[in-house]
>>> print(open('entry_35.txt').read())   # compact mmCIF, C-alpha atoms and all ligand atoms
# COMPACT_ATOMS: atom_id res chain seq x y z
CA MET S 8 -6.75 41.40 112.63
CA GLN S 9 -5.77 39.79 109.36
CA SER S 10 -6.53 40.93 105.79
CA THR S 11 -7.15 39.06 102.54
CA LEU S 12 -7.47 39.98 98.85
CA VAL S 13 -10.69 39.06 97.08
CA ILE S 14 -11.61 39.49 93.41
CA LEU S 15 -15.17 39.19 92.12
CA LYS S 16 -14.38 37.77 88.69
CA PRO S 17 -16.11 38.63 85.40
CA SER S 18 -18.27 35.51 85.94
CA CYS S 19 -19.59 37.21 89.10
CA VAL S 20 -19.93 40.72 87.66
CA GLN S 21 -21.60 39.56 84.40
CA ARG S 22 -24.04 37.27 86.19
CA ASN S 23 -25.22 40.09 88.47
CA LEU S 24 -23.94 38.36 91.60
CA ILE S 25 -21.92 41.26 93.05
CA GLY S 26 -24.68 42.14 95.52
CA GLU S 27 -25.26 38.52 96.60
CA VAL S 28 -21.58 38.03 97.39
CA ILE S 29 -21.11 41.36 99.16
CA SER S 30 -24.29 40.73 101.14
CA ARG S 31 -22.87 37.45 102.47
CA ILE S 32 -19.59 39.18 103.34
CA GLU S 33 -21.47 41.84 105.32
CA LYS S 34 -23.79 39.37 107.03
CA ARG S 35 -20.85 37.23 108.20
CA GLY S 36 -19.40 40.23 110.04
CA ILE S 37 -16.41 40.67 107.75
CA ILE S 38 -14.99 44.18 107.45
CA ILE S 39 -14.59 45.66 103.94
CA SER S 40 -11.38 47.73 104.09
CA ALA S 41 -11.12 48.52 100.37
CA MET S 42 -13.17 48.03 97.22
CA LYS S 43 -12.82 49.13 93.59
CA MET S 44 -13.72 48.17 90.02
CA MET S 45 -10.73 47.38 87.77
CA GLN S 46 -10.08 46.17 84.24
CA LEU S 47 -7.33 43.55 84.55
CA ASP S 48 -4.67 43.11 81.85
CA GLU S 49 -2.29 40.34 80.82
CA LYS S 50 0.61 41.83 82.83
CA ILE S 51 -1.15 41.75 86.20
CA LEU S 52 -2.68 38.33 85.45
CA ARG S 53 0.70 36.78 84.62
CA GLU S 54 1.86 37.96 88.06
CA HIS S 55 -1.30 37.04 89.90
CA TYR S 56 -1.52 33.57 88.33
CA ALA S 57 2.27 33.00 88.10
CA HIS S 58 1.74 29.45 89.43
CA LEU S 59 -0.47 28.72 86.38
CA VAL S 60 1.21 30.52 83.45
CA ASP S 61 2.62 27.27 82.06
CA LYS S 62 -0.71 25.41 82.18
CA PRO S 63 -2.49 24.78 78.87
CA PHE S 64 -5.60 26.56 80.19
CA PHE S 65 -3.75 29.79 81.12
CA PRO S 66 -4.65 31.73 77.91
CA SER S 67 -8.31 30.85 78.41
CA LEU S 68 -8.12 31.75 82.12
CA ALA S 69 -6.49 35.12 81.30
CA GLN S 70 -9.17 35.86 78.67
CA SER S 71 -11.92 34.99 81.13
CA MET S 72 -10.42 37.34 83.74
CA MET S 73 -10.23 40.21 81.19
CA ALA S 74 -13.73 39.65 79.77
CA SER S 75 -15.20 42.50 81.85
CA PRO S 76 -14.16 44.65 84.79
CA VAL S 77 -13.76 42.91 88.15
CA ILE S 78 -14.35 44.08 91.71
CA CYS S 79 -11.28 43.95 93.96
CA MET S 80 -11.65 44.04 97.73
CA VAL S 81 -9.57 43.89 100.86
CA LEU S 82 -11.47 42.05 103.59
CA LYS S 83 -10.52 42.11 107.26
CA GLY S 84 -11.26 39.85 110.22
CA VAL S 85 -9.77 37.41 112.71
CA ASP S 86 -8.27 34.48 110.73
CA ILE S 87 -9.90 35.98 107.62
CA VAL S 88 -7.69 34.12 105.10
CA GLU S 89 -8.85 30.73 106.37
CA VAL S 90 -12.42 31.88 107.08
CA PHE S 91 -12.85 33.31 103.60
CA ARG S 92 -11.26 30.38 101.74
CA LYS S 93 -13.83 28.18 103.51
CA MET S 94 -16.63 30.55 102.47
CA THR S 95 -15.28 30.45 98.89
CA GLY S 96 -15.27 26.66 98.55
CA VAL S 97 -13.00 24.45 96.42
CA THR S 98 -11.81 25.61 92.99
CA ASN S 99 -14.29 23.63 90.88
CA GLY S 100 -17.78 24.99 91.50
CA ARG S 101 -19.32 21.61 90.69
CA LYS S 102 -17.39 20.07 93.57
CA ALA S 103 -17.79 22.97 96.02
CA GLU S 104 -19.99 22.35 99.05
CA PRO S 105 -23.45 23.88 99.12
CA GLY S 106 -23.35 26.91 101.41
CA THR S 107 -20.06 28.10 99.93
CA LEU S 108 -20.04 30.94 97.40
CA ARG S 109 -18.82 28.69 94.59
CA GLY S 110 -21.06 25.83 95.71
CA ASP S 111 -24.14 28.04 95.63
CA PHE S 112 -23.45 30.32 92.67
CA CYS S 113 -21.41 28.53 89.99
CA MET S 114 -21.05 25.40 87.90
CA SER S 115 -17.51 25.86 86.56
CA GLY S 116 -13.88 25.12 87.40
CA GLN S 117 -12.75 28.27 85.60
CA ALA S 118 -15.69 30.70 85.72
CA ASN S 119 -15.86 30.18 89.46
CA ILE S 120 -16.93 33.78 90.36
CA ILE S 121 -14.35 34.66 93.00
CA HIS S 122 -10.68 34.72 93.95
CA ALA S 123 -9.47 34.66 97.56
CA SER S 124 -5.87 34.66 98.84
CA ASP S 125 -4.71 31.24 100.02
CA SER S 126 -2.25 32.23 102.81
CA PRO S 127 -1.48 35.30 104.94
CA GLU S 128 1.84 35.69 103.08
CA ASN S 129 0.15 35.65 99.66
CA ALA S 130 -2.60 37.94 100.95
CA GLU S 131 -0.02 40.63 101.74
CA ILE S 132 1.60 40.28 98.31
CA GLU S 133 -1.78 40.29 96.51
CA ILE S 134 -3.13 43.30 98.46
CA ASN S 135 -0.03 45.27 97.41
CA ARG S 136 -0.49 44.09 93.82
CA PHE S 137 -4.04 45.44 93.52
CA PHE S 138 -4.19 48.37 95.98
CA ARG S 139 -2.19 51.44 96.87
CA PRO S 140 -1.93 52.07 100.65
CA GLU S 141 -4.20 55.15 100.47
CA GLU S 142 -7.00 53.04 98.93
CA ILE S 143 -7.23 50.88 102.06
CA PHE S 144 -9.29 52.27 104.96
CA ASP S 145 -8.69 51.51 108.62
CA TYR S 146 -11.98 52.17 110.43
CA THR S 147 -13.90 50.52 113.24
CA PRO S 148 -17.42 49.36 112.37
CA ALA S 149 -20.00 50.38 114.98
CA THR S 150 -21.11 46.73 115.18
CA LEU S 151 -17.64 45.35 116.02
CA GLN S 152 -18.47 44.71 119.71
CA TYR S 153 -21.28 42.41 118.58
CA ILE S 154 -19.26 40.62 115.89
CA TYR S 155 -16.57 39.39 118.28
CA GLY S 156 -16.67 38.49 121.97
CA ASP S 157 -14.54 40.18 124.59
CA GLY S 158 -10.82 39.86 123.83
CA GLU S 159 -11.43 37.88 120.66
CA ASN S 160 -10.32 40.47 118.11
P1 LIG C 201 -8.22 28.88 93.54
O1 LIG C 201 -8.86 30.01 92.77
O2 LIG C 201 -9.26 27.96 94.15
O3 LIG C 201 -7.18 29.32 94.52
P2 LIG C 201 -6.03 28.03 91.77
O4 LIG C 201 -5.52 26.63 91.64
O5 LIG C 201 -5.16 29.04 92.43
O6 LIG C 201 -7.47 27.93 92.46
O7 LIG C 201 -6.39 28.51 90.29
C1 LIG C 201 -6.67 29.86 90.03
C2 LIG C 201 -7.84 29.93 89.05
O8 LIG C 201 -7.46 29.32 87.80
C3 LIG C 201 -9.09 29.17 89.49
O9 LIG C 201 -9.90 29.90 90.40
C4 LIG C 201 -9.78 28.94 88.17
O10 LIG C 201 -10.47 30.11 87.71
C5 LIG C 201 -8.59 28.69 87.24
N1 LIG C 201 -8.30 27.26 87.10
C6 LIG C 201 -7.67 26.45 87.99
N2 LIG C 201 -7.56 25.19 87.53
C7 LIG C 201 -8.15 25.21 86.30
C8 LIG C 201 -8.36 24.18 85.31
O11 LIG C 201 -8.00 23.00 85.46
N3 LIG C 201 -9.00 24.58 84.17
C9 LIG C 201 -9.42 25.87 83.96
N4 LIG C 201 -9.23 26.85 84.86
C10 LIG C 201 -8.62 26.52 86.03
MG MG C 202 -5.33 30.20 94.17
>>> encode(input="entry_35.txt", output="structure tokens")
Amino acid sequence: MQSTLVILKPSCVQRNLIGEVISRIEKRGIIISAMKMMQLDEKILREHYAHLVDKPFFPSLAQSMMASPVICMVLKGVDIVEVFRKMTGVTNGRKAEPGTLRGDFCMSGQANIIHASDSPENAEIEINRFFRPEEIFDYTPATLQYIYGDGEN
């Protein structure tokens, strides 16, 4: 199975949406392999958003990501990177489809409640950025045989 890195941003934590988002993750049949609260700093954000550091909105983005602690998670499933990006919806919450996390829970292009890795390669890099190996748990949920069909996982 594949893993992805997810961050519940300050816009999720401050708006009391942690439970809503985690509930949807659980109901979809996605495995939570790791989860912790973290206060992000400029150093980790310059790495994490390296593709955006030269944009005029980067200082504002960095501030918004440091405004409160965040929840970091490693999620596991078959094709989870693609599955979870679809669940997340497009970057701007106002353009995100209803039914997606951003489309249901936010109205912003910046305060868009959640980060999800955009490729398996980036997922591996991002997981290593936010988690030590011993913080990630490899266990088999009792429900696994009902989440996937025979030979599917
Ligand atoms: P993604 O989160 O959908 O993968 P990216 O382009 O990787 O989108 O951008 C990372 C984050 O930077 C976004 O989730 C959003 O919070 C912020 N961001 C992206 N574009 C803008 C913008 O034009 N204005 C303000 N913030 C932006
Ligand atoms: Mg991105």
>>> residues_near_ligand(input="entry_35.txt", ligand="ligand LIG 201 (chain C)", cutoff="9 Å", atoms="all atoms listed in the file", output="number ranges by chain")
S: 16, 55-56, 58-59, 62-65, 67-69, 71-72, 92, 95-99, 115-125
>>> closest_residue(input="entry_35.txt", among="S:Ile154, S:Ala57, S:Val85, S:Val28", to="ligand MG 202 (chain C)", atoms="all atoms listed in the file")
S:Ala57
>>> residues_around(input="entry_35.txt", residues="Leu82 (chain S)", least_positions_apart="3", cutoff="6 Å", atoms="all atoms listed in the file", output="list in words")
Ser10, Thr11, Ile38, Ile39 and Ser40 of chain S
>>> write_last_selection(input="entry_35.txt", atoms="C-alpha atoms", output="CSV table (one decimal), in the coordinates of the input")
chain,number,residue,atom,x,y,z
S,10,SER,CA,-6.5,40.9,105.8
S,11,THR,CA,-7.2,39.1,102.5
S,38,ILE,CA,-15.0,44.2,107.4
S,39,ILE,CA,-14.6,45.7,103.9
S,40,SER,CA,-11.4,47.7,104.1
>>> residues_around(input="entry_35.txt", residues="Asn23 (chain S)", least_positions_apart="6", cutoff="12 Å", atoms="all atoms listed in the file", output="VMD selection string")
chain S and resid 15 to 17 29 77 112 120
>>> closest_residue(input="entry_35.txt", among="S:Gly158, S:Ile143, S:Val13, S:Glu33", to="ligand MG 202 (chain C)", atoms="all atoms listed in the file")
S:Val13
>>> closest_residue(input="entry_35.txt", among="S:Phe91, S:Met8, S:Arg101, S:Ser126", to="ligand MG 202 (chain C)", atoms="all atoms listed in the file")
S:Ser126
>>> atom_distance(input="entry_35.txt", atom1="CA of Val90 (chain S)", atom2="CA of Thr107 (chain S)")
11.1 Å
>>> closest_residue(input="entry_35.txt", among="S:Leu12, S:Leu151, S:Ile32, S:Asp86", to="ligand MG 202 (chain C)", atoms="all atoms listed in the file")
S:Leu12
>>> closest_residue(input="entry_35.txt", among="S:Glu133, S:Tyr153, S:Asp61, S:Val20", to="ligand MG 202 (chain C)", atoms="only C-alpha atoms and all ligand atoms")
S:Glu133
>>> atom_distance(input="entry_35.txt", atom1="CA of Glu89 (chain S)", atom2="CA of Ala103 (chain S)")
15.7 Å
>>> atom_distance(input="entry_35.txt", atom1="CA of Pro127 (chain S)", atom2="CA of Gln9 (chain S)")
7.6 Å
>>> closest_residue(input="entry_35.txt", among="S:Ile87, S:Gly106, S:Glu131, S:Met80", to="Phe144 (chain S)", atoms="only C-alpha atoms")
S:Met80
